[in-house]
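Raw contents of my_file_33.csv, CSV, C-alpha atoms and all ligand atoms:
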```csv
chain,number,residue,atom,x,y,z
A,1,MET,CA,127.1,151.0,107.4
A,2,ASN,CA,124.1,151.5,105.1
A,3,ASN,CA,122.0,154.3,106.5
A,4,THR,CA,119.7,155.2,103.7
A,5,ALA,CA,116.0,154.8,104.6
A,6,THR,CA,115.3,153.9,100.9
A,7,ASN,CA,117.4,150.8,101.3
A,8,CYS,CA,117.2,149.5,104.8
A,9,TYR,CA,118.3,146.2,106.3
A,10,ILE,CA,116.6,145.2,109.5
A,11,LEU,CA,117.3,142.2,111.7
A,12,ALA,CA,114.2,141.1,113.6
A,13,ILE,CA,114.1,138.8,116.6
A,14,GLU,CA,111.0,137.0,118.1
A,15,SER,CA,111.1,135.0,121.3
A,16,SER,CA,107.7,135.6,123.0
A,17,CYS,CA,106.7,132.0,123.5
A,18,ASP,CA,108.2,128.7,122.3
A,19,ASP,CA,109.7,129.6,118.9
A,20,THR,CA,113.1,131.3,118.6
A,21,ALA,CA,113.0,133.2,115.4
A,22,ALA,CA,115.1,135.7,113.4
A,23,ALA,CA,114.6,137.3,110.1
A,24,VAL,CA,116.4,139.8,107.8
A,25,LEU,CA,114.3,142.3,105.8
A,26,ASN,CA,115.3,144.6,103.0
A,27,ASN,CA,112.6,147.2,103.3
A,28,GLU,CA,109.3,145.3,103.0
A,29,LYS,CA,110.9,142.2,101.5
A,30,VAL,CA,111.9,139.2,103.6
A,31,LEU,CA,115.5,138.0,102.8
A,32,SER,CA,115.5,135.2,105.4
A,33,ASN,CA,113.0,133.9,108.0
A,34,VAL,CA,114.4,131.3,110.4
A,35,VAL,CA,112.4,129.6,113.1
A,36,ALA,CA,113.6,127.1,115.7
A,37,THR,CA,110.6,125.4,117.1
A,38,GLN,CA,111.1,124.0,120.6
A,39,GLU,CA,110.0,120.4,120.5
A,40,ILE,CA,110.7,119.8,124.2
A,41,HIS,CA,107.2,121.0,125.2
A,42,GLU,CA,105.4,118.3,123.3
A,43,GLN,CA,106.0,115.7,126.1
A,44,TYR,CA,104.3,118.1,128.6
A,45,GLY,CA,101.3,118.8,126.5
A,46,GLY,CA,101.9,122.6,126.6
A,47,VAL,CA,104.6,125.2,126.9
A,48,VAL,CA,106.7,125.1,130.1
A,49,PRO,CA,107.9,128.7,130.5
A,50,GLU,CA,111.2,127.8,132.3
A,51,LEU,CA,112.1,125.3,129.6
A,52,ALA,CA,111.2,127.8,126.9
A,53,SER,CA,113.6,130.5,128.2
A,54,ARG,CA,116.4,127.9,128.5
A,55,ALA,CA,115.8,126.7,124.9
A,56,HIS,CA,115.8,130.3,123.6
A,57,GLN,CA,119.2,130.8,125.3
A,58,GLN,CA,120.5,127.9,123.4
A,59,ASN,CA,118.9,128.8,120.1
A,60,ILE,CA,119.2,132.5,119.8
A,61,VAL,CA,122.8,132.8,118.5
A,62,PRO,CA,122.5,129.9,115.9
A,63,VAL,CA,119.2,131.3,114.7
A,64,VAL,CA,120.4,134.8,114.3
A,65,THR,CA,123.6,133.6,112.6
A,66,ALA,CA,121.5,131.4,110.2
A,67,ALA,CA,119.2,134.4,109.4
A,68,LEU,CA,122.1,136.6,108.5
A,69,ARG,CA,123.8,133.9,106.5
A,70,LYS,CA,120.7,133.0,104.5
A,71,ALA,CA,120.1,136.7,103.7
A,72,ASN,CA,123.7,137.0,102.7
A,73,ILE,CA,124.0,140.1,104.9
A,74,ASP,CA,126.9,141.1,107.1
A,75,LYS,CA,126.0,142.4,110.6
A,76,ASN,CA,127.7,145.7,109.7
A,77,GLU,CA,125.2,146.3,106.9
A,78,LEU,CA,122.2,146.3,109.3
A,79,ASN,CA,120.4,149.6,109.8
A,80,ALA,CA,118.4,148.6,112.9
A,81,ILE,CA,117.3,145.7,115.1
A,82,ALA,CA,113.7,145.0,115.8
A,83,PHE,CA,112.6,142.8,118.7
A,84,THR,CA,109.3,141.6,120.3
A,85,SER,CA,108.8,143.5,123.5
A,86,GLY,CA,105.5,141.8,124.4
A,87,PRO,CA,103.0,140.4,125.1
A,88,GLY,CA,104.5,137.0,125.9
A,89,LEU,CA,106.2,134.9,128.5
A,90,LEU,CA,108.5,137.1,130.5
A,91,GLY,CA,111.5,134.7,130.6
A,92,SER,CA,111.2,134.1,126.9
A,93,LEU,CA,110.9,137.7,126.0
A,94,LEU,CA,113.9,138.6,128.1
A,95,VAL,CA,116.2,136.4,126.0
A,96,GLY,CA,115.3,138.1,122.7
A,97,THR,CA,115.2,141.5,124.3
A,98,SER,CA,118.6,141.2,126.0
A,99,PHE,CA,120.2,139.8,122.8
A,100,ALA,CA,118.7,142.6,120.6
A,101,LYS,CA,119.7,145.3,123.0
A,102,SER,CA,123.3,144.0,123.3
A,103,PHE,CA,123.6,143.5,119.5
A,104,ALA,CA,122.2,147.0,118.8
A,105,LEU,CA,124.5,148.5,121.4
A,106,GLY,CA,127.5,146.7,119.9
A,107,LEU,CA,126.7,147.8,116.4
A,108,ASN,CA,125.6,151.3,117.5
A,109,ILE,CA,122.4,151.1,115.5
A,110,PRO,CA,118.7,151.8,116.6
A,111,LEU,CA,116.7,149.3,118.5
A,112,ILE,CA,113.0,149.1,117.7
A,113,ASP,CA,110.5,147.5,120.1
A,114,VAL,CA,107.6,145.7,118.5
A,115,ASN,CA,104.2,144.6,119.9
A,116,HIS,CA,103.7,140.9,119.0
A,117,MET,CA,100.0,141.3,118.2
A,118,GLN,CA,100.5,144.4,116.1
A,119,ALA,CA,103.1,142.3,114.2
A,120,HIS,CA,100.6,139.5,113.5
A,121,ILE,CA,98.4,142.1,111.9
A,122,LEU,CA,101.1,144.1,110.0
A,123,ALA,CA,102.5,140.8,108.6
A,124,HIS,CA,100.0,141.6,105.7
A,125,PHE,CA,102.3,144.4,104.6
A,126,ILE,CA,105.3,142.1,103.8
A,127,GLU,CA,106.0,142.3,100.1
A,128,GLU,CA,105.1,138.9,98.7
A,129,GLU,CA,104.3,137.9,95.2
A,130,GLY,CA,100.7,136.9,94.8
A,131,PHE,CA,99.6,138.5,98.1
A,132,GLU,CA,97.7,141.7,98.2
A,133,LYS,CA,97.9,144.2,101.0
A,134,PRO,CA,94.7,145.5,102.8
A,135,SER,CA,93.9,149.2,102.6
A,136,PHE,CA,92.8,151.2,105.7
A,137,PRO,CA,90.5,150.8,107.5
A,138,PHE,CA,90.3,147.1,107.8
A,139,ILE,CA,89.3,144.5,110.5
A,140,ALA,CA,92.0,142.2,111.7
A,141,LEU,CA,91.2,138.9,113.4
A,142,THR,CA,94.1,137.8,115.5
A,143,ILE,CA,93.7,134.2,116.5
A,144,SER,CA,96.6,132.4,118.2
A,145,GLY,CA,97.4,130.2,121.2
A,146,GLY,CA,97.5,133.2,123.5
A,147,HIS,CA,95.0,135.7,121.9
A,148,THR,CA,91.7,136.0,120.2
A,149,GLN,CA,91.0,139.6,119.2
A,150,ILE,CA,89.0,141.6,116.7
A,151,VAL,CA,90.9,144.8,115.9
A,152,ARG,CA,89.9,147.8,114.0
A,153,VAL,CA,92.9,149.0,112.0
A,154,ASP,CA,92.8,152.6,110.9
A,155,SER,CA,96.5,153.0,110.1
A,156,TYR,CA,99.8,151.1,110.7
A,157,PHE,CA,100.0,152.4,114.3
A,158,THR,CA,96.3,153.2,115.1
A,159,MET,CA,94.6,150.1,116.1
A,160,SER,CA,91.8,149.4,118.6
A,161,VAL,CA,90.7,146.1,120.0
A,162,ILE,CA,86.9,146.0,119.5
A,163,GLY,CA,86.4,142.4,120.7
A,164,GLU,CA,88.4,139.7,122.5
A,165,THR,CA,88.1,136.5,124.4
A,166,ILE,CA,87.0,136.7,128.0
A,167,ASP,CA,88.7,133.3,128.9
A,168,ASP,CA,90.6,130.9,126.6
A,169,ALA,CA,92.1,131.8,123.3
A,170,VAL,CA,90.9,130.0,120.2
A,171,GLY,CA,94.3,128.2,119.8
A,172,GLU,CA,93.9,127.0,123.4
A,173,ALA,CA,90.4,125.7,122.5
A,174,PHE,CA,92.0,123.7,119.7
A,175,ASP,CA,94.9,122.5,121.7
A,176,LYS,CA,92.9,121.5,124.8
A,177,SER,CA,90.3,119.7,122.7
A,178,ALA,CA,93.2,117.8,120.9
A,179,LYS,CA,94.6,116.9,124.3
A,180,LEU,CA,91.2,115.4,125.3
A,181,LEU,CA,91.5,113.2,122.2
A,182,GLY,CA,95.0,112.1,123.1
A,183,LEU,CA,96.7,114.1,120.3
A,184,PRO,CA,100.1,115.7,121.0
A,185,TYR,CA,100.8,119.4,121.6
A,186,PRO,CA,100.2,121.6,119.7
A,187,GLY,CA,97.0,119.8,118.6
A,188,GLY,CA,95.4,122.6,116.5
A,189,PRO,CA,97.1,121.6,113.3
A,190,LEU,CA,96.2,117.9,113.9
A,191,ILE,CA,92.5,118.7,114.5
A,192,ASP,CA,92.7,120.6,111.2
A,193,GLN,CA,94.2,117.6,109.4
A,194,TRP,CA,91.7,115.1,110.9
A,195,ALA,CA,88.8,117.4,110.2
A,196,THR,CA,89.3,117.2,106.5
A,197,LYS,CA,88.3,113.5,106.6
A,198,GLY,CA,85.2,113.9,108.9
A,199,ASN,CA,81.6,115.0,108.9
A,200,PRO,CA,81.4,118.5,110.5
A,201,LYS,CA,77.8,117.9,111.5
A,202,ALA,CA,78.3,114.5,113.1
A,203,PHE,CA,78.3,115.8,116.7
A,204,PRO,CA,76.6,119.1,117.3
A,205,PHE,CA,78.2,121.3,120.0
A,206,THR,CA,76.4,124.4,121.3
A,207,LYS,CA,77.9,127.8,120.7
A,208,PRO,CA,78.5,130.1,123.7
A,209,LYS,CA,76.3,133.2,124.1
A,210,VAL,CA,78.6,136.1,124.7
A,211,ASP,CA,77.6,139.8,124.4
A,212,GLY,CA,79.0,142.1,121.7
A,213,LEU,CA,82.2,141.2,119.9
A,214,ASN,CA,83.7,139.2,122.7
A,215,PHE,CA,84.4,135.5,122.6
A,216,SER,CA,84.4,132.7,125.1
A,217,PHE,CA,85.9,129.2,124.6
A,218,SER,CA,86.1,127.7,128.0
A,219,GLY,CA,82.5,126.4,128.0
A,220,LEU,CA,83.1,124.6,124.7
A,221,LYS,CA,86.1,122.9,126.1
A,222,THR,CA,84.1,121.7,129.1
A,223,GLN,CA,81.3,120.6,126.8
A,224,ILE,CA,83.8,118.6,124.7
A,225,MET,CA,85.3,117.0,127.8
A,226,TYR,CA,81.9,115.7,129.1
A,227,PHE,CA,80.9,114.6,125.6
A,228,ILE,CA,84.1,112.5,125.3
A,229,GLN,CA,83.9,111.1,128.9
A,230,LYS,CA,80.3,110.0,128.4
A,231,ASN,CA,81.0,108.3,125.1
A,232,VAL,CA,84.2,106.6,126.2
A,233,GLN,CA,82.4,105.2,129.2
A,234,LYS,CA,80.0,103.5,126.7
A,235,ASP,CA,82.6,102.5,124.1
A,236,SER,CA,86.3,102.5,125.0
A,237,SER,CA,87.2,102.8,121.3
A,238,PHE,CA,84.9,105.8,120.7
A,239,ILE,CA,87.8,108.3,120.1
A,240,GLU,CA,89.7,105.9,117.7
A,241,ASN,CA,86.6,105.0,115.8
A,242,HIS,CA,85.2,108.6,115.4
A,243,LYS,CA,88.4,110.8,115.5
A,244,ALA,CA,87.8,112.4,112.1
A,245,ASP,CA,84.1,113.2,112.8
A,246,ILE,CA,84.9,114.6,116.3
A,247,CYS,CA,87.6,116.8,114.9
A,248,ALA,CA,85.5,118.0,112.1
A,249,SER,CA,82.6,118.8,114.5
A,250,ILE,CA,84.9,120.7,116.9
A,251,GLN,CA,86.4,122.7,114.0
A,252,TYR,CA,83.0,123.4,112.5
A,253,THR,CA,81.8,124.8,115.9
A,254,ILE,CA,84.9,127.0,116.4
A,255,VAL,CA,84.8,128.3,112.9
A,256,ASN,CA,81.1,129.3,113.3
A,257,ILE,CA,81.8,131.0,116.6
A,258,ILE,CA,84.5,133.1,114.9
A,259,LEU,CA,82.5,133.8,111.7
A,260,ASP,CA,79.4,135.0,113.7
A,261,LYS,CA,81.5,137.6,115.5
A,262,VAL,CA,83.2,138.8,112.3
A,263,LYS,CA,79.8,139.2,110.7
A,264,LYS,CA,78.8,141.3,113.7
A,265,ALA,CA,82.0,143.4,113.5
A,266,VAL,CA,81.3,144.1,109.8
A,267,LYS,CA,77.7,145.1,110.7
A,268,GLU,CA,78.9,147.4,113.5
A,269,THR,CA,81.8,149.1,111.7
A,270,GLY,CA,80.6,149.0,108.1
A,271,ILE,CA,84.2,147.7,107.2
A,272,THR,CA,84.2,144.7,104.8
A,273,GLN,CA,87.9,144.1,104.5
A,274,ILE,CA,89.0,141.3,106.8
A,275,ALA,CA,92.6,140.3,107.4
A,276,ILE,CA,93.5,137.3,109.7
A,277,GLY,CA,96.7,136.7,111.6
A,278,GLY,CA,98.2,134.4,114.3
A,279,GLY,CA,98.8,130.7,114.4
A,280,VAL,CA,95.2,129.7,114.1
A,281,SER,CA,94.9,131.6,110.8
A,282,ALA,CA,96.7,128.6,109.2
A,283,ASN,CA,93.4,126.6,109.9
A,284,LYS,CA,91.9,125.4,106.7
A,285,GLY,CA,88.3,125.6,108.1
A,286,ILE,CA,88.7,129.3,108.9
A,287,ARG,CA,90.4,130.0,105.6
A,288,ASN,CA,87.7,128.3,103.6
A,289,ALA,CA,84.9,130.0,105.6
A,290,LEU,CA,86.5,133.4,104.9
A,291,LYS,CA,86.9,132.7,101.2
A,292,GLN,CA,83.3,131.6,101.1
A,293,ALA,CA,82.3,134.8,102.9
A,294,GLU,CA,83.8,136.8,100.0
A,295,LYS,CA,81.2,135.2,97.7
A,296,ASN,CA,78.3,135.2,100.2
A,297,TYR,CA,78.7,138.6,101.8
A,298,GLY,CA,80.9,140.6,99.3
A,299,TRP,CA,83.8,140.9,101.8
A,300,LYS,CA,87.4,141.1,100.8
A,301,THR,CA,89.5,138.8,102.9
A,302,PHE,CA,93.3,138.7,103.4
A,303,LEU,CA,94.9,135.4,104.3
A,304,PRO,CA,98.6,135.5,105.2
A,305,LYS,CA,101.2,133.2,103.6
A,306,PHE,CA,101.5,130.1,105.9
A,307,GLU,CA,105.0,130.9,107.1
A,308,TYR,CA,103.8,134.2,108.5
A,309,THR,CA,100.8,132.8,110.4
A,310,THR,CA,102.5,131.0,113.3
A,311,ASP,CA,105.1,133.0,115.3
A,312,ASN,CA,107.9,134.2,113.1
A,313,ALA,CA,110.4,137.1,113.0
A,314,ALA,CA,109.5,138.4,109.5
A,315,MET,CA,106.4,139.9,111.0
A,316,ILE,CA,108.5,141.7,113.7
A,317,GLY,CA,110.8,142.9,110.9
A,318,ILE,CA,108.0,144.5,108.9
A,319,VAL,CA,106.8,146.5,111.9
A,320,GLY,CA,110.4,147.4,112.6
A,321,TYR,CA,110.7,148.7,109.1
A,322,LEU,CA,107.5,150.6,109.1
A,323,LYS,CA,108.4,152.3,112.4
A,324,TYR,CA,112.0,153.0,111.2
A,325,LYS,CA,110.6,154.6,108.0
A,326,ASN,CA,107.8,156.5,109.6
A,327,GLU,CA,109.2,157.5,113.0
A,328,LEU,CA,112.9,157.3,113.6
A,329,LYS,CA,114.6,160.7,113.4
A,330,ASP,CA,118.2,160.0,114.3
A,331,LYS,CA,119.3,156.9,112.5
A,332,THR,CA,122.8,156.6,113.8
A,333,GLN,CA,122.2,156.8,117.6
A,334,TYR,CA,121.5,153.8,119.8
A,335,LYS,CA,118.2,154.2,121.7
A,336,ASP,CA,117.7,151.9,124.6
A,337,THR,CA,113.9,152.1,124.6
A,338,GLY,CA,113.3,152.1,120.9
A,339,ILE,CA,110.7,154.3,119.3
A,340,HIS,CA,107.3,154.4,120.9
A,341,ALA,CA,104.6,154.3,118.3
A,342,GLN,CA,103.1,152.0,120.8
A,343,SER,CA,101.8,154.8,122.9
A,344,ARG,CA,99.3,155.5,120.2
A,345,LEU,CA,98.5,151.9,119.8
A,346,LYS,CA,95.5,150.9,121.9
A,347,LEU,CA,96.4,147.2,122.0
B,1,LIG,O1,100.7,132.6,116.8
B,1,LIG,P1,101.1,131.3,117.4
B,1,LIG,O2,102.2,130.5,116.7
B,1,LIG,O3,101.6,131.4,118.8
B,1,LIG,C1,101.0,132.2,119.8
B,1,LIG,O4,101.3,133.4,119.8
B,1,LIG,O5,100.1,131.6,120.5
B,1,LIG,O6,99.9,130.3,117.5
B,1,LIG,C2,100.0,129.0,118.0
B,1,LIG,C3,98.6,128.4,118.0
B,1,LIG,C4,98.6,127.0,118.7
B,1,LIG,O7,97.5,127.0,119.6
B,1,LIG,C5,98.3,126.0,117.5
B,1,LIG,O8,97.6,124.9,117.9
B,1,LIG,C6,97.5,126.9,116.6
B,1,LIG,O9,98.1,128.2,116.7
B,1,LIG,N1,97.5,126.4,115.2
B,1,LIG,C7,96.4,125.9,114.6
B,1,LIG,C8,96.7,125.6,113.3
B,1,LIG,N2,98.1,125.8,113.1
B,1,LIG,C9,98.5,126.4,114.3
B,1,LIG,N3,95.1,125.8,115.1
B,1,LIG,C10,94.2,125.2,114.3
B,1,LIG,N4,94.5,124.8,113.0
B,1,LIG,C11,95.7,125.0,112.5
B,1,LIG,N5,96.0,124.6,111.2
B,2,ZN,ZN,101.7,134.8,118.0
```

Take the structure I supplied and represent it as structure tokens, if you would.
Amino acid sequence: MNNTATNCYILAIESSCDDTAAAVLNNEKVLSNVVATQEIHEQYGGVVPELASRAHQQNIVPVVTAALRKANIDKNELNAIAFTSGPGLLGSLLVGTSFAKSFALGLNIPLIDVNHMQAHILAHFIEEEGFEKPSFPFIALTISGGHTQIVRVDSYFTMSVIGETIDDAVGEAFDKSAKLLGLPYPGGPLIDQWATKGNPKAFPFTKPKVDGLNFSFSGLKTQIMYFIQKNVQKDSSFIENHKADICASIQYTIVNIILDKVKKAVKETGITQIAIGGGVSANKGIRNALKQAEKNYGWKTFLPKFEYTTDNAAMIGIVGYLKYKNELKDKTQYKDTGIHAQSRLKL
């Protein structure tokens, strides 16, 4: 067994929602990053928790096996196992957690619990050619199907949420709007694709008025629903004939809602380094707006590599490594509850 902190191999497991993922990291470098996406949910227009846990049960062993094989690492070379402890769907989390616990127990190596949202942020510390790491402090914008948060990041393990959604997450706003347009789940990436061909100012939608750094997306969803109903009543081909313009207008509104809040966060904190994470950070509109903000406002923005935006285990592995390197005292002993840097994390 390789026990040197200077050359550490970590197996990471992520199963918080509908992706079964495993990765192997050598320190900050990703050796393999395997994701099995559960297509079964598409026909239901959203994630069905019971089906997600069953699919995780089927996928977990092949996914872990593939991650070890791709990394060319034997299980006996692993120094620790990191897993997502939450937040997420309970049944889904239990599959990854039980597997990670049993594997760590069998190999007699440490088990490290990782907060999923912290991982979306710390994915920026994965060693990747052509990708710069932010320095502390920075503002992280975590935008996914389950979360929308603005986080002040003062160190790897000192983070505080300074703004969040009071209702739907931004990914939900994308997915629910897509559903209204008859697009399959998850519709976020499809709205993004259609938006490139449309006019963002074709259909103006109003932005919600929410105090401080918090967000709200449920009103926008209702507004879009009434807009579509009204126009389809007049012209049954309205969606088909205007899909690109509708998608571009929805995306434009969502991007502006987000950008307004980030501007406010910069003003309140004086921090001009902005890093984004979570599935919605793959969105081209958001990426372009942030790049533009570098020129317009002098910010420095950090956009993760695409494979680290949606749920993946590499991001769990980097947190596992950072915890292992910074916190773990006894490297040979199995610890059931992992190491609790999370007690200092205000997420
Ligand atoms: O982080 P993630 O994989 O899972 C959660 O933790 O929720 O995020 C999934 C979300 C979905 O709502 C999906 O529609 C959205 O990310 N998404 C996008 C794009 N790619 C993924 N939304 C807008 N534009 C995209 N390109
Ligand atoms: Zn996520």

What lies within 9 Å of Ser177 (chain A) using all atoms listed in the file, ignoring chain neighbours under 2 positions off, as a PDB file with C-alpha atoms, in the coordinates of the input?
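Listing of result_30.pdb after writing:
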```
ATOM      1  CA  GLU A 172      93.900 127.000 123.400  1.00  0.00           C
ATOM      2  CA  ALA A 173      90.400 125.700 122.500  1.00  0.00           C
ATOM      3  CA  PHE A 174      92.000 123.700 119.700  1.00  0.00           C
ATOM      4  CA  ASP A 175      94.900 122.500 121.700  1.00  0.00           C
ATOM      5  CA  LYS A 179      94.600 116.900 124.300  1.00  0.00           C
ATOM      6  CA  LEU A 180      91.200 115.400 125.300  1.00  0.00           C
ATOM      7  CA  LEU A 181      91.500 113.200 122.200  1.00  0.00           C
ATOM      8  CA  GLY A 182      95.000 112.100 123.100  1.00  0.00           C
ATOM      9  CA  LEU A 183      96.700 114.100 120.300  1.00  0.00           C
ATOM     10  CA  GLY A 187      97.000 119.800 118.600  1.00  0.00           C
ATOM     11  CA  GLY A 188      95.400 122.600 116.500  1.00  0.00           C
ATOM     12  CA  ILE A 191      92.500 118.700 114.500  1.00  0.00           C
ATOM     13  CA  LEU A 220      83.100 124.600 124.700  1.00  0.00           C
ATOM     14  CA  LYS A 221      86.100 122.900 126.100  1.00  0.00           C
ATOM     15  CA  ILE A 224      83.800 118.600 124.700  1.00  0.00           C
ATOM     16  CA  MET A 225      85.300 117.000 127.800  1.00  0.00           C
ATOM     17  CA  CYS A 247      87.600 116.800 114.900  1.00  0.00           C
ATOM     18  CA  ILE A 250      84.900 120.700 116.900  1.00  0.00           C
TER      19      ILE A 250
END
```

Local residues around (88.4, 124.9, 110.3), at most 9 Å away, using all atoms listed in the file, as a list in words: Ile191, Asp192, Ala195, Thr196, Ala248, Ile250, Gln251, Tyr252, Thr253, Ile254, Val255, Asn283, Lys284, Gly285, Ile286, Arg287, Asn288 and Ala289 of chain A

Taken to one decimal, the CA of Gln292 (chain A)-CA of Ala275 (chain A) distance is 14.2 Å

Selection near Leu68 (chain A), 12 Å with all atoms listed in the file, sequence-local residues under 5 positions removed, as an MDAnalysis selection string: chainID A and resid 9:13 21:26 30:34 61:63 73:78

Give me the residues near region 53-56 of chain A as a PyMOL selection string, where near means some atom within 12 Å (using all atoms listed in the file) and where sequence neighbours in that chain fewer than 6 positions away do not count. chain A and resi 13-22+35-41+47+62-64+88-99

Which residues, written as an MDAnalysis selection string, have at least one atom at most 12 Å from Glu268 (chain A), with all atoms listed in the file counted and residues fewer than 4 positions away on the same chain left out? chainID A and resid 139 152 162:163 212:213 261:264 272

Measuring atom to atom with all atoms listed in the file, identify which of A:Met315, A:Gly279, A:Thr310, A:Val232 is nearest to Gln118 (chain A).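 That would be A:Met315, the residue with the smallest distance to Gln118 (chain A).
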
If I put a ball of radius 12 Å at (100.5, 140.5, 103.6) in the file's coordinates, which residues poke into it when counting only C-alpha atoms, written as an mmCIF file with C-alpha atoms, keeping the file's coordinate frame?
```cif
data_model
loop_
_atom_site.group_PDB
_atom_site.id
_atom_site.type_symbol
_atom_site.label_atom_id
_atom_site.label_comp_id
_atom_site.auth_asym_id
_atom_site.auth_seq_id
_atom_site.Cartn_x
_atom_site.Cartn_y
_atom_site.Cartn_z
ATOM 1 C CA GLU A 28 109.300 145.300 103.000
ATOM 2 C CA LYS A 29 110.900 142.200 101.500
ATOM 3 C CA VAL A 30 111.900 139.200 103.600
ATOM 4 C CA ALA A 119 103.100 142.300 114.200
ATOM 5 C CA HIS A 120 100.600 139.500 113.500
ATOM 6 C CA ILE A 121 98.400 142.100 111.900
ATOM 7 C CA LEU A 122 101.100 144.100 110.000
ATOM 8 C CA ALA A 123 102.500 140.800 108.600
ATOM 9 C CA HIS A 124 100.000 141.600 105.700
ATOM 10 C CA PHE A 125 102.300 144.400 104.600
ATOM 11 C CA ILE A 126 105.300 142.100 103.800
ATOM 12 C CA GLU A 127 106.000 142.300 100.100
ATOM 13 C CA GLU A 128 105.100 138.900 98.700
ATOM 14 C CA GLU A 129 104.300 137.900 95.200
ATOM 15 C CA GLY A 130 100.700 136.900 94.800
ATOM 16 C CA PHE A 131 99.600 138.500 98.100
ATOM 17 C CA GLU A 132 97.700 141.700 98.200
ATOM 18 C CA LYS A 133 97.900 144.200 101.000
ATOM 19 C CA PRO A 134 94.700 145.500 102.800
ATOM 20 C CA SER A 135 93.900 149.200 102.600
ATOM 21 C CA ALA A 140 92.000 142.200 111.700
ATOM 22 C CA ILE A 274 89.000 141.300 106.800
ATOM 23 C CA ALA A 275 92.600 140.300 107.400
ATOM 24 C CA ILE A 276 93.500 137.300 109.700
ATOM 25 C CA GLY A 277 96.700 136.700 111.600
ATOM 26 C CA THR A 301 89.500 138.800 102.900
ATOM 27 C CA PHE A 302 93.300 138.700 103.400
ATOM 28 C CA LEU A 303 94.900 135.400 104.300
ATOM 29 C CA PRO A 304 98.600 135.500 105.200
ATOM 30 C CA LYS A 305 101.200 133.200 103.600
ATOM 31 C CA PHE A 306 101.500 130.100 105.900
ATOM 32 C CA GLU A 307 105.000 130.900 107.100
ATOM 33 C CA TYR A 308 103.800 134.200 108.500
ATOM 34 C CA THR A 309 100.800 132.800 110.400
ATOM 35 C CA ALA A 314 109.500 138.400 109.500
ATOM 36 C CA MET A 315 106.400 139.900 111.000
ATOM 37 C CA ILE A 318 108.000 144.500 108.900
#
```

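Across A:Asn115, A:Asn231, A:Asn326, A:Gln273, the tightest approach to ligand LIG 1 (chain B) is made by A:Asn115 when counting only C-alpha atoms and all ligand atoms.
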
Hey, could you make a per-residue contact list for chain A against ligand ZN 2 (chain B) with 6 Å as the cut-off, showing the nearest pair of atoms and its distance in Å to one decimal, counting only C-alpha atoms and all ligand atoms, sorted by chain and number, as a Markdown table?
```
| residue | atom | partner | partner_atom | distance |
| --- | --- | --- | --- | --- |
| A:Ser144 | CA | B:ZN2 | ZN | 5.6 |
| A:Gly278 | CA | B:ZN2 | ZN | 5.1 |
| A:Asp311 | CA | B:ZN2 | ZN | 4.7 |
```

From A:Ile143, A:Val266, A:Leu259, A:Ala293, residue lying nearest ligand LIG 1 (chain B) [only C-alpha atoms and all ligand atoms]: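 The shortest atom-to-atom distance to ligand LIG 1 (chain B) comes from A:Ile143.
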